[in-house]
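> Could you have a look at this structure, given as structure tokens, before my questions?
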Amino acid sequence: MGLLEEAQRVAAEFEYSAEDVNKGVKEFIRQMDEGLEKTGATMSQIPTYVTAVPNGTEKGLYMAVDLGGTNFRVCSIQLHGNSTFSLTQSKVAIPRELMVAKTSKELFSFLAQQIAEFLKQHHNEHYHSSVRRRATVSQPGGFTEEEIFSLGFTFSFPVHQVGINKGTLIRWTKGFDIPDAVGKDVCQLLQDEIDALHLPVKVAALVNDTVGTLMARSYTSPGKTGTLLGAIFGTGTNGAYVEKLDKVKKLATTEEGGDVDKTTGEMIINTEWGSFDNQLSVLPDTPYDRSLDAESVNPGIQMFEKRISGMFLGEILRRALIKMIKDPEVPLFSDENSSNNDVHSTTCLAHNSPLFEQWGLDTSFLSITAGDSGPGLKVTRQTLDKEYGVSAASSEDAHAVKLIASAVGKRAARLAAVAIGGIVLATNKLAAPKDIATADNETVNEDEIVDIGVDGSLVEFYPDFEEYIREALRETEGIGAHGEKRIRIGIAKDGSGVGAALIALVADKVAKSDA
Ligand code: ADP
Ligand code: MG
């Protein structure tokens, strides 16, 4: 069989039709409702107790840290109060061994050390005056209130939040596995290590990155329109949106329900959509998805995420490529000169190629090949050579790889559209009466816009990710071509940092009004 025919056949396994999208959206809305009604549903639909989004006038200096899935970011944010901010940040890759450390202390003390480094480097004066003060002041804490940085802690794993700076870890995702942290208050774990280093920092707010993205987008987005949804497409995927309080039926049945601020009639809900349809009633399931899941640290969970996000797309592609490489009938990466005599005796693939290792293929490779349209796909071939031990890949090899990579990327974007479309429809945001009267080619008024903030390397760097999402939204019943035009998607750059600062600000206000 020809290589390209075979590649096309594999690529076709990743097709996700308009009909699939519509089935997906209906089921997504059903599982959203289920999660709002009871705890323990597939989609957690976690109430965040944040009942309003910012409008851009907020001010102050705050710190934020973000434990994503790949990196740890530390930043300080000056909110100017006019929808703009200044941000100073540092970023460090989380060592793999800490993701699966024996104790949570190992991970959290590493995080506290990064905060100490950041303070020394960027807020040296503040840091040293605090240190001096600590040496001279007799009271135990040593800091006055104004010397302490309020910090928003963006923690992008499922937590059971029981207060603005208190929440227990439900489970690890994205390849993390430190059993002793499960069930513990992650803010306390971080505060303990901060205190051990005597840093002038108070963990004031626990923030999910999606909520942070939503807040940040709402602070910075143009016009007066509040943002509906914050969505992450990075190492993992998740979304948080503004829901009507009376639809959050499970709040009435939990003890915390009484403390809800009802003035806005709304609450931000963290969907935890990464675990949408863990039962696979509507999600696509190829042999590559199945083996990826079976060999993951959490088989059977985060099934939606495992088909969409940065941690997994490279691995899906890798598994598809390995299947072809191992098939003697398929001449992928085979040495042309000798392949006439003995099909697989020679290959241009090194024995120690990362392609043979789990997680050996990074999702950024999908972006590289998607963006490569040059003659003979030179960039793709060079990357295969430099990063993946494939010397002298032919242009046909590169085309085969690109075909499959694009299919994996496109399916991910269309699945992302299921979540976005589901939330837009479930919240009835397109149901304005104007909708019926407006012709397709008419420009969209500001008050008709449904604003969505997104963040994460995948949506930021994968070429056409947004366009693939939009295509699927146009195919969605109830949205269509006109509805899709009313949906504005904007990158919430540094979303988790600014968002965390905004929630730390809210937490400060609450704490002061309680005092
Ligand atoms: P985090 O999820 O830790 O907040 P990011 O948003 O940067 O961090 O996402 C990191 C993920 O994005 C990794 O899984 C990585 O493989 C993937 N990634 C990094 N660069 C790219 C790129 N250029 N195109 C697509 N995916 C990328
Ligand atoms: Mg992130």
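In the structure tokens, the first chain shown is A, the next is B, and so on; residue numbers restart at 1 for each chain, and ligands run from 1 in the order shown.
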Counting only C-alpha atoms and all ligand atoms, what residues are within 8 Å of ligand 2, given as a PyMOL selection string?
chain A and resi 66-69+71+156+209+232-235+455-457+496
> Let me see if you get this right: every residue at most 10 Å from ligand 1, counting only C-alpha atoms and all ligand atoms, written as a compact mmCIF listing (two decimals) with all heavy atoms, in the first residue's frame.

# COMPACT_ATOMS: atom_id res chain seq x y z
N ASP A 66 1.21 30.44 39.47
CA ASP A 66 0.39 29.56 38.64
C ASP A 66 1.07 28.21 38.51
O ASP A 66 2.14 28.09 37.91
CB ASP A 66 0.22 30.21 37.25
CG ASP A 66 -0.54 29.33 36.26
OD1 ASP A 66 -1.04 28.25 36.66
OD2 ASP A 66 -0.64 29.73 35.09
N LEU A 67 0.47 27.22 39.13
CA LEU A 67 0.95 25.86 38.92
C LEU A 67 0.09 25.26 37.82
O LEU A 67 -1.05 24.86 38.05
CB LEU A 67 0.83 25.03 40.22
CG LEU A 67 1.36 23.60 40.14
CD1 LEU A 67 2.87 23.58 39.96
CD2 LEU A 67 1.00 22.81 41.39
N GLY A 68 0.63 25.27 36.59
CA GLY A 68 -0.13 24.79 35.43
C GLY A 68 -0.02 23.29 35.38
O GLY A 68 -0.48 22.59 36.27
N GLY A 69 0.60 22.78 34.35
CA GLY A 69 0.82 21.35 34.29
C GLY A 69 2.24 21.13 33.85
O GLY A 69 2.84 20.09 34.06
N THR A 70 2.80 22.16 33.25
CA THR A 70 4.13 22.07 32.67
C THR A 70 5.07 23.06 33.34
O THR A 70 6.21 22.74 33.64
CB THR A 70 4.05 22.37 31.16
OG1 THR A 70 3.11 21.47 30.56
CG2 THR A 70 5.40 22.20 30.49
N ASN A 71 4.54 24.26 33.61
CA ASN A 71 5.38 25.31 34.16
C ASN A 71 4.84 25.84 35.49
O ASN A 71 3.65 25.70 35.78
CB ASN A 71 5.44 26.49 33.18
CG ASN A 71 6.09 26.08 31.87
OD1 ASN A 71 7.21 25.57 31.87
ND2 ASN A 71 5.38 26.27 30.77
N PHE A 72 5.74 26.45 36.25
CA PHE A 72 5.33 27.21 37.43
C PHE A 72 5.69 28.66 37.16
O PHE A 72 6.84 28.97 36.86
CB PHE A 72 6.05 26.69 38.68
CG PHE A 72 5.63 27.39 39.94
CD1 PHE A 72 4.31 27.31 40.40
CD2 PHE A 72 6.55 28.11 40.69
CE1 PHE A 72 3.92 27.94 41.57
CE2 PHE A 72 6.16 28.75 41.87
CZ PHE A 72 4.85 28.67 42.31
N ARG A 73 4.70 29.53 37.22
CA ARG A 73 4.94 30.94 36.97
C ARG A 73 4.76 31.72 38.26
O ARG A 73 3.84 31.44 39.02
CB ARG A 73 3.96 31.48 35.93
CG ARG A 73 4.08 30.84 34.57
CD ARG A 73 3.15 31.54 33.57
NE ARG A 73 3.19 30.88 32.27
CZ ARG A 73 2.42 29.85 31.95
NH1 ARG A 73 1.55 29.36 32.81
NH2 ARG A 73 2.51 29.30 30.75
N ALA A 93 10.22 25.43 34.45
CA ALA A 93 9.59 24.14 34.16
C ALA A 93 9.54 23.32 35.44
O ALA A 93 10.49 23.32 36.22
CB ALA A 93 10.38 23.41 33.09
N ILE A 94 8.44 22.64 35.66
CA ILE A 94 8.33 21.80 36.85
C ILE A 94 9.08 20.50 36.58
O ILE A 94 8.77 19.79 35.62
CB ILE A 94 6.86 21.49 37.17
CG1 ILE A 94 6.08 22.79 37.35
CG2 ILE A 94 6.74 20.63 38.42
CD1 ILE A 94 4.61 22.65 37.08
N THR A 154 -3.01 30.26 41.55
CA THR A 154 -3.70 29.55 40.48
C THR A 154 -3.25 28.10 40.49
O THR A 154 -2.06 27.80 40.31
CB THR A 154 -3.41 30.18 39.11
OG1 THR A 154 -3.87 31.53 39.14
CG2 THR A 154 -4.12 29.43 38.01
N PHE A 155 -4.20 27.25 40.74
CA PHE A 155 -3.90 25.83 40.90
C PHE A 155 -4.82 25.08 39.94
O PHE A 155 -6.02 25.00 40.15
CB PHE A 155 -4.16 25.44 42.36
CG PHE A 155 -3.81 24.02 42.69
CD1 PHE A 155 -2.48 23.64 42.86
CD2 PHE A 155 -4.81 23.06 42.86
CE1 PHE A 155 -2.16 22.32 43.18
CE2 PHE A 155 -4.48 21.74 43.18
CZ PHE A 155 -3.15 21.38 43.34
N SER A 156 -4.23 24.59 38.87
CA SER A 156 -5.07 24.10 37.77
C SER A 156 -5.35 22.60 37.85
O SER A 156 -5.10 21.86 36.90
CB SER A 156 -4.40 24.44 36.45
OG SER A 156 -3.88 25.73 36.49
N LYS A 174 -3.18 15.48 34.48
CA LYS A 174 -2.05 15.91 33.66
C LYS A 174 -0.72 15.26 34.05
O LYS A 174 0.33 15.89 33.97
CB LYS A 174 -1.93 17.45 33.71
CG LYS A 174 -3.16 18.16 33.18
CD LYS A 174 -3.03 19.67 33.20
CE LYS A 174 -3.36 20.27 34.54
NZ LYS A 174 -3.57 21.73 34.50
N ASP A 209 -7.30 28.11 37.05
CA ASP A 209 -6.80 28.91 35.92
C ASP A 209 -7.91 29.36 34.98
O ASP A 209 -7.84 30.45 34.40
CB ASP A 209 -5.68 28.18 35.14
CG ASP A 209 -6.09 26.82 34.62
OD1 ASP A 209 -7.19 26.34 34.96
OD2 ASP A 209 -5.30 26.22 33.88
N ILE A 232 -9.31 27.08 28.84
CA ILE A 232 -7.89 26.77 28.75
C ILE A 232 -7.66 25.63 27.76
O ILE A 232 -8.33 24.60 27.82
CB ILE A 232 -7.36 26.27 30.12
CG1 ILE A 232 -7.62 27.29 31.23
CG2 ILE A 232 -5.87 25.92 30.03
CD1 ILE A 232 -6.78 28.52 31.17
N PHE A 233 -6.72 25.86 26.87
CA PHE A 233 -6.23 24.78 26.02
C PHE A 233 -4.72 24.78 26.11
O PHE A 233 -4.03 25.34 25.25
CB PHE A 233 -6.73 24.96 24.58
CG PHE A 233 -8.24 25.04 24.48
CD1 PHE A 233 -8.87 26.27 24.36
CD2 PHE A 233 -9.01 23.89 24.58
CE1 PHE A 233 -10.26 26.35 24.32
CE2 PHE A 233 -10.40 23.95 24.53
CZ PHE A 233 -11.03 25.19 24.40
N GLY A 234 -4.20 24.22 27.19
CA GLY A 234 -2.76 24.17 27.42
C GLY A 234 -2.36 22.72 27.63
O GLY A 234 -2.74 21.86 26.84
N THR A 235 -1.64 22.46 28.72
CA THR A 235 -1.33 21.08 29.06
C THR A 235 -2.63 20.28 29.19
O THR A 235 -2.74 19.16 28.70
CB THR A 235 -0.58 21.01 30.40
OG1 THR A 235 0.52 21.91 30.35
CG2 THR A 235 -0.09 19.59 30.67
N GLY A 236 -3.58 20.89 29.88
CA GLY A 236 -4.91 20.30 30.01
C GLY A 236 -5.94 21.20 29.36
O GLY A 236 -5.60 22.18 28.71
N THR A 237 -7.22 20.84 29.52
CA THR A 237 -8.28 21.74 29.06
C THR A 237 -9.38 21.81 30.09
O THR A 237 -9.67 20.82 30.77
CB THR A 237 -8.85 21.32 27.69
OG1 THR A 237 -9.83 22.31 27.29
CG2 THR A 237 -9.52 19.95 27.74
N SER A 309 -6.05 18.17 24.66
CA SER A 309 -5.07 19.12 25.19
C SER A 309 -3.62 18.78 24.86
O SER A 309 -3.28 17.69 24.41
CB SER A 309 -5.25 19.26 26.70
OG SER A 309 -4.80 18.11 27.35
N GLY A 310 -2.76 19.76 25.12
CA GLY A 310 -1.35 19.71 24.76
C GLY A 310 -0.61 18.52 25.31
O GLY A 310 0.30 18.00 24.66
N MET A 311 -0.99 18.08 26.50
CA MET A 311 -0.28 16.95 27.06
C MET A 311 -0.45 15.69 26.20
O MET A 311 0.42 14.82 26.18
CB MET A 311 -0.78 16.66 28.48
CG MET A 311 -0.20 15.39 29.04
SD MET A 311 -0.19 15.34 30.81
CE MET A 311 0.63 13.75 31.00
N PHE A 312 -1.57 15.60 25.49
CA PHE A 312 -1.94 14.33 24.87
C PHE A 312 -1.86 14.27 23.35
O PHE A 312 -1.71 13.19 22.78
CB PHE A 312 -3.35 13.94 25.32
CG PHE A 312 -3.47 13.86 26.82
CD1 PHE A 312 -4.04 14.89 27.55
CD2 PHE A 312 -2.94 12.78 27.51
CE1 PHE A 312 -4.10 14.83 28.94
CE2 PHE A 312 -3.00 12.71 28.90
CZ PHE A 312 -3.59 13.74 29.62
N LEU A 313 -1.99 15.42 22.68
CA LEU A 313 -2.08 15.36 21.21
C LEU A 313 -0.81 14.78 20.58
O LEU A 313 -0.88 13.96 19.65
CB LEU A 313 -2.38 16.75 20.64
CG LEU A 313 -3.71 17.36 21.07
CD1 LEU A 313 -3.98 18.64 20.28
CD2 LEU A 313 -4.87 16.39 20.90
N GLY A 314 0.34 15.17 21.09
CA GLY A 314 1.59 14.62 20.56
C GLY A 314 1.65 13.12 20.76
O GLY A 314 2.10 12.37 19.88
N GLU A 315 1.16 12.68 21.91
CA GLU A 315 1.19 11.25 22.23
C GLU A 315 0.21 10.46 21.35
O GLU A 315 0.52 9.33 20.95
CB GLU A 315 0.87 11.07 23.73
CG GLU A 315 0.83 9.64 24.23
CD GLU A 315 2.16 8.89 24.17
OE1 GLU A 315 3.21 9.52 23.88
OE2 GLU A 315 2.15 7.66 24.40
N TRP A 359 5.19 9.73 25.67
CA TRP A 359 5.33 11.20 25.76
C TRP A 359 6.52 11.72 24.96
O TRP A 359 6.92 12.86 25.13
CB TRP A 359 5.45 11.69 27.21
CG TRP A 359 4.48 11.06 28.16
CD1 TRP A 359 4.79 10.32 29.27
CD2 TRP A 359 3.05 11.10 28.09
NE1 TRP A 359 3.64 9.90 29.89
CE2 TRP A 359 2.56 10.36 29.19
CE3 TRP A 359 2.13 11.68 27.21
CZ2 TRP A 359 1.19 10.18 29.44
CZ3 TRP A 359 0.77 11.50 27.46
CH2 TRP A 359 0.33 10.77 28.56
N LEU A 361 6.79 12.55 21.90
CA LEU A 361 6.48 13.51 20.83
C LEU A 361 5.72 14.69 21.42
O LEU A 361 4.59 14.52 21.90
CB LEU A 361 5.65 12.81 19.74
CG LEU A 361 5.27 13.62 18.50
CD1 LEU A 361 6.48 14.19 17.80
CD2 LEU A 361 4.48 12.76 17.54
N ASP A 362 6.32 15.88 21.37
CA ASP A 362 5.68 17.05 21.97
C ASP A 362 4.63 17.64 21.05
O ASP A 362 4.80 17.67 19.83
CB ASP A 362 6.73 18.12 22.29
CG ASP A 362 6.18 19.16 23.25
OD1 ASP A 362 5.53 20.12 22.79
OD2 ASP A 362 6.38 18.99 24.46
N THR A 363 3.54 18.12 21.66
CA THR A 363 2.45 18.70 20.86
C THR A 363 2.90 19.90 20.04
O THR A 363 2.30 20.20 19.01
CB THR A 363 1.27 19.05 21.79
OG1 THR A 363 0.82 17.84 22.39
CG2 THR A 363 0.12 19.69 21.03
N SER A 364 3.97 20.56 20.46
CA SER A 364 4.45 21.68 19.64
C SER A 364 4.83 21.21 18.23
O SER A 364 4.79 21.98 17.28
CB SER A 364 5.63 22.39 20.32
OG SER A 364 6.66 21.47 20.57
N PHE A 365 5.16 19.94 18.10
CA PHE A 365 5.46 19.40 16.77
C PHE A 365 4.24 19.48 15.84
O PHE A 365 4.38 19.72 14.64
CB PHE A 365 5.96 17.95 16.86
CG PHE A 365 6.23 17.32 15.52
CD1 PHE A 365 7.36 17.67 14.79
CD2 PHE A 365 5.33 16.42 14.96
CE1 PHE A 365 7.60 17.12 13.53
CE2 PHE A 365 5.55 15.86 13.71
CZ PHE A 365 6.69 16.20 12.99
N LEU A 366 3.04 19.31 16.41
CA LEU A 366 1.83 19.42 15.59
C LEU A 366 1.70 20.83 15.01
O LEU A 366 1.27 21.01 13.87
CB LEU A 366 0.57 19.09 16.41
CG LEU A 366 0.18 17.61 16.50
CD1 LEU A 366 1.10 16.86 17.43
CD2 LEU A 366 -1.27 17.46 16.93
N SER A 367 2.08 21.82 15.84
CA SER A 367 2.02 23.21 15.36
C SER A 367 3.07 23.44 14.28
O SER A 367 2.82 24.14 13.30
CB SER A 367 2.26 24.18 16.51
OG SER A 367 1.21 24.09 17.44
N ILE A 368 4.24 22.86 14.48
CA ILE A 368 5.32 23.05 13.50
C ILE A 368 4.88 22.51 12.15
O ILE A 368 4.96 23.19 11.12
CB ILE A 368 6.61 22.35 13.98
CG1 ILE A 368 7.18 23.11 15.18
CG2 ILE A 368 7.63 22.26 12.85
CD1 ILE A 368 8.33 22.40 15.88
N THR A 369 4.37 21.29 12.13
CA THR A 369 4.02 20.70 10.84
C THR A 369 2.76 21.34 10.25
O THR A 369 2.66 21.52 9.04
CB THR A 369 3.94 19.15 10.92
OG1 THR A 369 3.57 18.66 9.65
CG2 THR A 369 2.99 18.66 11.95
N ALA A 370 1.83 21.77 11.12
CA ALA A 370 0.64 22.45 10.60
C ALA A 370 1.02 23.78 9.95
O ALA A 370 0.38 24.22 8.99
CB ALA A 370 -0.38 22.68 11.71
N GLY A 409 -5.02 17.39 15.30
CA GLY A 409 -5.22 18.78 15.74
C GLY A 409 -6.61 19.28 15.43
O GLY A 409 -7.25 19.95 16.25
N ASP A 455 -6.89 30.77 26.87
CA ASP A 455 -5.47 30.80 27.23
C ASP A 455 -4.88 29.41 27.04
O ASP A 455 -5.62 28.42 26.99
CB ASP A 455 -5.33 31.26 28.69
CG ASP A 455 -3.88 31.58 29.07
OD1 ASP A 455 -3.04 31.72 28.16
OD2 ASP A 455 -3.60 31.69 30.27
N GLY A 456 -3.58 29.34 26.93
CA GLY A 456 -2.90 28.06 26.78
C GLY A 456 -2.14 27.97 25.47
O GLY A 456 -2.56 28.53 24.45
N SER A 457 -1.01 27.29 25.51
CA SER A 457 -0.13 27.24 24.34
C SER A 457 -0.80 26.65 23.11
O SER A 457 -0.49 27.05 21.99
CB SER A 457 1.11 26.40 24.67
OG SER A 457 1.94 27.11 25.55
N LEU A 458 -1.69 25.70 23.30
CA LEU A 458 -2.31 25.05 22.14
C LEU A 458 -3.13 26.05 21.34
O LEU A 458 -2.95 26.20 20.13
CB LEU A 458 -3.17 23.87 22.61
CG LEU A 458 -3.78 23.01 21.51
CD1 LEU A 458 -2.71 22.32 20.69
CD2 LEU A 458 -4.73 21.98 22.13
N VAL A 459 -4.03 26.76 22.02
CA VAL A 459 -4.88 27.72 21.31
C VAL A 459 -4.06 28.90 20.84
O VAL A 459 -4.34 29.50 19.80
CB VAL A 459 -6.10 28.14 22.17
CG1 VAL A 459 -5.67 28.86 23.42
CG2 VAL A 459 -7.05 29.00 21.37
N GLU A 460 -2.99 29.21 21.57
CA GLU A 460 -2.17 30.35 21.18
C GLU A 460 -1.29 30.04 19.97
O GLU A 460 -1.12 30.87 19.09
CB GLU A 460 -1.30 30.78 22.37
CG GLU A 460 -0.70 32.16 22.19
CD GLU A 460 0.05 32.64 23.42
OE1 GLU A 460 -0.09 32.03 24.50
OE2 GLU A 460 0.78 33.62 23.29
N PHE A 461 -0.74 28.85 19.91
CA PHE A 461 0.27 28.58 18.90
C PHE A 461 -0.14 27.62 17.78
O PHE A 461 0.51 27.57 16.75
CB PHE A 461 1.55 28.04 19.56
CG PHE A 461 2.15 29.01 20.53
CD1 PHE A 461 2.33 28.67 21.87
CD2 PHE A 461 2.52 30.28 20.12
CE1 PHE A 461 2.88 29.57 22.77
CE2 PHE A 461 3.06 31.19 21.01
CZ PHE A 461 3.24 30.84 22.34
N TYR A 462 -1.17 26.80 17.99
CA TYR A 462 -1.54 25.88 16.92
C TYR A 462 -2.22 26.67 15.81
O TYR A 462 -3.25 27.30 16.04
CB TYR A 462 -2.45 24.75 17.43
CG TYR A 462 -2.66 23.69 16.38
CD1 TYR A 462 -1.79 22.61 16.28
CD2 TYR A 462 -3.70 23.78 15.46
CE1 TYR A 462 -1.95 21.65 15.29
CE2 TYR A 462 -3.87 22.83 14.47
CZ TYR A 462 -2.99 21.76 14.39
OH TYR A 462 -3.15 20.83 13.41
N PRO A 463 -1.67 26.65 14.61
CA PRO A 463 -2.26 27.46 13.54
C PRO A 463 -3.70 26.98 13.27
O PRO A 463 -3.95 25.78 13.26
CB PRO A 463 -1.38 27.17 12.33
CG PRO A 463 -0.14 26.55 12.86
CD PRO A 463 -0.50 25.87 14.14
N PHE A 465 -6.29 26.81 15.04
CA PHE A 465 -7.10 26.18 16.10
C PHE A 465 -8.43 26.92 16.23
O PHE A 465 -9.50 26.30 16.23
CB PHE A 465 -6.34 26.18 17.44
CG PHE A 465 -6.86 25.17 18.43
CD1 PHE A 465 -6.51 23.83 18.31
CD2 PHE A 465 -7.68 25.56 19.49
CE1 PHE A 465 -6.98 22.89 19.24
CE2 PHE A 465 -8.15 24.63 20.40
CZ PHE A 465 -7.79 23.29 20.27
N ASP A 494 -1.52 36.13 29.68
CA ASP A 494 -1.19 36.17 31.11
C ASP A 494 -2.44 36.07 31.97
O ASP A 494 -2.49 36.59 33.08
CB ASP A 494 -0.43 37.46 31.47
CG ASP A 494 0.76 37.68 30.57
OD1 ASP A 494 1.52 36.73 30.38
OD2 ASP A 494 0.92 38.80 30.06
N SER A 496 -3.96 33.80 33.72
CA SER A 496 -4.00 33.24 35.07
C SER A 496 -3.36 34.18 36.08
O SER A 496 -3.81 34.29 37.20
CB SER A 496 -3.33 31.87 35.09
OG SER A 496 -2.03 31.96 34.57
> Using only C-alpha atoms, determine which residues lie at most 9 Å from segment 105-122 of chain A, disregarding the query and same-chain residues fewer than 4 positions distant; provide the list as JSON, numbers by chain.
{"A": [65, 67, 72, 73, 74, 75, 76, 88, 89, 90, 91, 92, 94, 98, 99, 100, 101, 126, 127, 128, 178, 181, 186, 189, 190, 191, 192, 193, 194, 195, 196, 197, 199]}
> Now that the selection is made, can you save its residues with N, CA, C and O atoms as a short mmCIF file (atom, residue, chain, number, x, y, z; two decimals), in the first residue's frame?

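Saved as again_21.cif:
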data_model
loop_
_atom_site.label_atom_id
_atom_site.label_comp_id
_atom_site.auth_asym_id
_atom_site.auth_seq_id
_atom_site.Cartn_x
_atom_site.Cartn_y
_atom_site.Cartn_z
N VAL A 65 0.83 33.24 41.62
CA VAL A 65 1.61 32.10 41.15
C VAL A 65 0.67 31.17 40.42
O VAL A 65 -0.54 31.15 40.67
N LEU A 67 0.47 27.22 39.13
CA LEU A 67 0.95 25.86 38.92
C LEU A 67 0.09 25.26 37.82
O LEU A 67 -1.05 24.86 38.05
N PHE A 72 5.74 26.45 36.25
CA PHE A 72 5.33 27.21 37.43
C PHE A 72 5.69 28.66 37.16
O PHE A 72 6.84 28.97 36.86
N ARG A 73 4.70 29.53 37.22
CA ARG A 73 4.94 30.94 36.97
C ARG A 73 4.76 31.72 38.26
O ARG A 73 3.84 31.44 39.02
N VAL A 74 5.65 32.68 38.48
CA VAL A 74 5.50 33.60 39.60
C VAL A 74 5.41 34.99 39.01
O VAL A 74 6.21 35.34 38.14
N CYS A 75 4.45 35.79 39.44
CA CYS A 75 4.42 37.15 38.93
C CYS A 75 3.89 38.15 39.92
O CYS A 75 3.25 37.78 40.91
N SER A 76 4.19 39.42 39.67
CA SER A 76 3.55 40.50 40.40
C SER A 76 2.82 41.34 39.36
O SER A 76 3.28 41.48 38.23
N THR A 88 5.20 41.56 35.90
CA THR A 88 6.57 41.07 35.93
C THR A 88 6.48 39.58 36.22
O THR A 88 5.78 39.19 37.17
N GLN A 89 7.15 38.77 35.44
CA GLN A 89 6.99 37.35 35.74
C GLN A 89 8.24 36.52 35.50
O GLN A 89 9.13 36.89 34.74
N SER A 90 8.31 35.42 36.20
CA SER A 90 9.34 34.43 35.93
C SER A 90 8.66 33.08 35.78
O SER A 90 7.54 32.88 36.26
N LYS A 91 9.32 32.20 35.08
CA LYS A 91 8.68 30.93 34.73
C LYS A 91 9.72 29.84 34.82
O LYS A 91 10.86 30.02 34.38
N VAL A 92 9.37 28.72 35.40
CA VAL A 92 10.32 27.62 35.47
C VAL A 92 9.56 26.32 35.16
O VAL A 92 8.39 26.17 35.53
N ILE A 94 8.44 22.64 35.66
CA ILE A 94 8.33 21.80 36.85
C ILE A 94 9.08 20.50 36.58
O ILE A 94 8.77 19.79 35.62
N LEU A 98 9.28 15.87 40.44
CA LEU A 98 8.44 16.48 41.47
C LEU A 98 6.96 16.25 41.21
O LEU A 98 6.14 16.30 42.12
N MET A 99 6.60 15.99 39.95
CA MET A 99 5.19 15.73 39.62
C MET A 99 4.72 14.41 40.23
O MET A 99 3.52 14.20 40.42
N VAL A 100 5.66 13.55 40.48
CA VAL A 100 5.31 12.25 41.06
C VAL A 100 6.14 12.03 42.34
O VAL A 100 6.54 10.92 42.64
N ALA A 101 6.37 13.15 43.07
CA ALA A 101 7.20 13.08 44.28
C ALA A 101 6.55 12.20 45.33
O ALA A 101 5.34 11.96 45.30
N HIS A 126 11.62 45.67 48.69
CA HIS A 126 10.51 45.19 49.50
C HIS A 126 10.93 43.97 50.31
O HIS A 126 10.71 43.88 51.50
N TYR A 127 11.60 43.07 49.60
CA TYR A 127 12.05 41.84 50.25
C TYR A 127 12.99 42.14 51.40
O TYR A 127 12.82 41.66 52.51
N HIS A 128 14.00 43.01 51.13
CA HIS A 128 15.00 43.26 52.16
C HIS A 128 14.48 44.10 53.31
O HIS A 128 14.83 43.86 54.46
N ILE A 178 0.86 12.64 43.31
CA ILE A 178 1.48 12.70 44.64
C ILE A 178 0.37 12.39 45.64
O ILE A 178 -0.35 13.29 46.11
N ALA A 181 -1.08 14.37 48.80
CA ALA A 181 -1.69 15.71 48.69
C ALA A 181 -3.20 15.64 48.53
O ALA A 181 -3.91 16.60 48.84
N VAL A 186 -4.61 22.83 49.59
CA VAL A 186 -3.40 23.17 48.83
C VAL A 186 -2.87 24.56 49.18
O VAL A 186 -1.67 24.83 49.06
N LEU A 189 -0.79 24.02 52.25
CA LEU A 189 0.48 23.37 51.88
C LEU A 189 1.48 24.41 51.37
O LEU A 189 2.66 24.39 51.73
N LEU A 190 0.99 25.35 50.55
CA LEU A 190 1.88 26.38 50.02
C LEU A 190 2.25 27.38 51.12
O LEU A 190 3.41 27.76 51.26
N GLN A 191 1.26 27.81 51.92
CA GLN A 191 1.53 28.79 52.98
C GLN A 191 2.57 28.25 53.96
O GLN A 191 3.47 28.98 54.39
N ASP A 192 2.47 26.98 54.31
CA ASP A 192 3.43 26.37 55.25
C ASP A 192 4.86 26.50 54.73
O ASP A 192 5.78 26.83 55.48
N GLU A 193 5.05 26.26 53.44
CA GLU A 193 6.40 26.34 52.88
C GLU A 193 6.86 27.79 52.72
O GLU A 193 8.05 28.07 52.85
N ILE A 194 5.92 28.70 52.44
CA ILE A 194 6.24 30.14 52.38
C ILE A 194 6.68 30.61 53.77
O ILE A 194 7.67 31.33 53.92
N ASP A 195 5.97 30.18 54.79
CA ASP A 195 6.29 30.57 56.17
C ASP A 195 7.64 29.98 56.60
O ASP A 195 8.40 30.63 57.32
N ALA A 196 7.91 28.77 56.14
CA ALA A 196 9.19 28.15 56.49
C ALA A 196 10.36 28.99 55.97
O ALA A 196 11.44 29.00 56.55
N LEU A 197 10.13 29.73 54.88
CA LEU A 197 11.18 30.60 54.32
C LEU A 197 11.02 32.04 54.82
O LEU A 197 11.76 32.93 54.37
N LEU A 199 8.76 34.36 54.20
CA LEU A 199 8.49 35.32 53.14
C LEU A 199 7.26 36.16 53.51
O LEU A 199 6.32 35.64 54.11
#
> Could you list, as an mmCIF file with N, CA and C atoms, in the first residue's frame, every residue within 7 Å of Cys348 of chain A, counting only C-alpha atoms and ignoring same-chain residues fewer than 3 positions away?

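Listed below is the output, out_24.cif:
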data_model
loop_
_atom_site.group_PDB
_atom_site.id
_atom_site.type_symbol
_atom_site.label_atom_id
_atom_site.label_comp_id
_atom_site.auth_asym_id
_atom_site.auth_seq_id
_atom_site.Cartn_x
_atom_site.Cartn_y
_atom_site.Cartn_z
ATOM 1 N N PHE A 333 9.283 6.225 6.988
ATOM 2 C CA PHE A 333 10.675 6.371 7.432
ATOM 3 C C PHE A 333 11.560 5.195 6.995
ATOM 4 N N SER A 334 11.235 4.600 5.867
ATOM 5 C CA SER A 334 12.092 3.493 5.430
ATOM 6 C C SER A 334 13.102 4.026 4.425
ATOM 7 N N ASP A 335 14.258 3.430 4.427
ATOM 8 C CA ASP A 335 15.330 3.877 3.551
ATOM 9 C C ASP A 335 15.009 3.482 2.118
ATOM 10 N N VAL A 390 14.930 11.047 13.112
ATOM 11 C CA VAL A 390 14.591 10.543 11.784
ATOM 12 C C VAL A 390 15.505 11.233 10.778
ATOM 13 N N SER A 391 16.574 10.551 10.404
ATOM 14 C CA SER A 391 17.499 11.177 9.458
ATOM 15 C C SER A 391 16.969 10.957 8.050
ATOM 16 N N ALA A 392 17.104 11.966 7.222
ATOM 17 C CA ALA A 392 16.737 11.845 5.808
ATOM 18 C C ALA A 392 15.310 11.372 5.575
ATOM 19 N N ALA A 393 14.353 11.969 6.305
ATOM 20 C CA ALA A 393 12.951 11.676 6.008
ATOM 21 C C ALA A 393 12.642 12.212 4.619
#
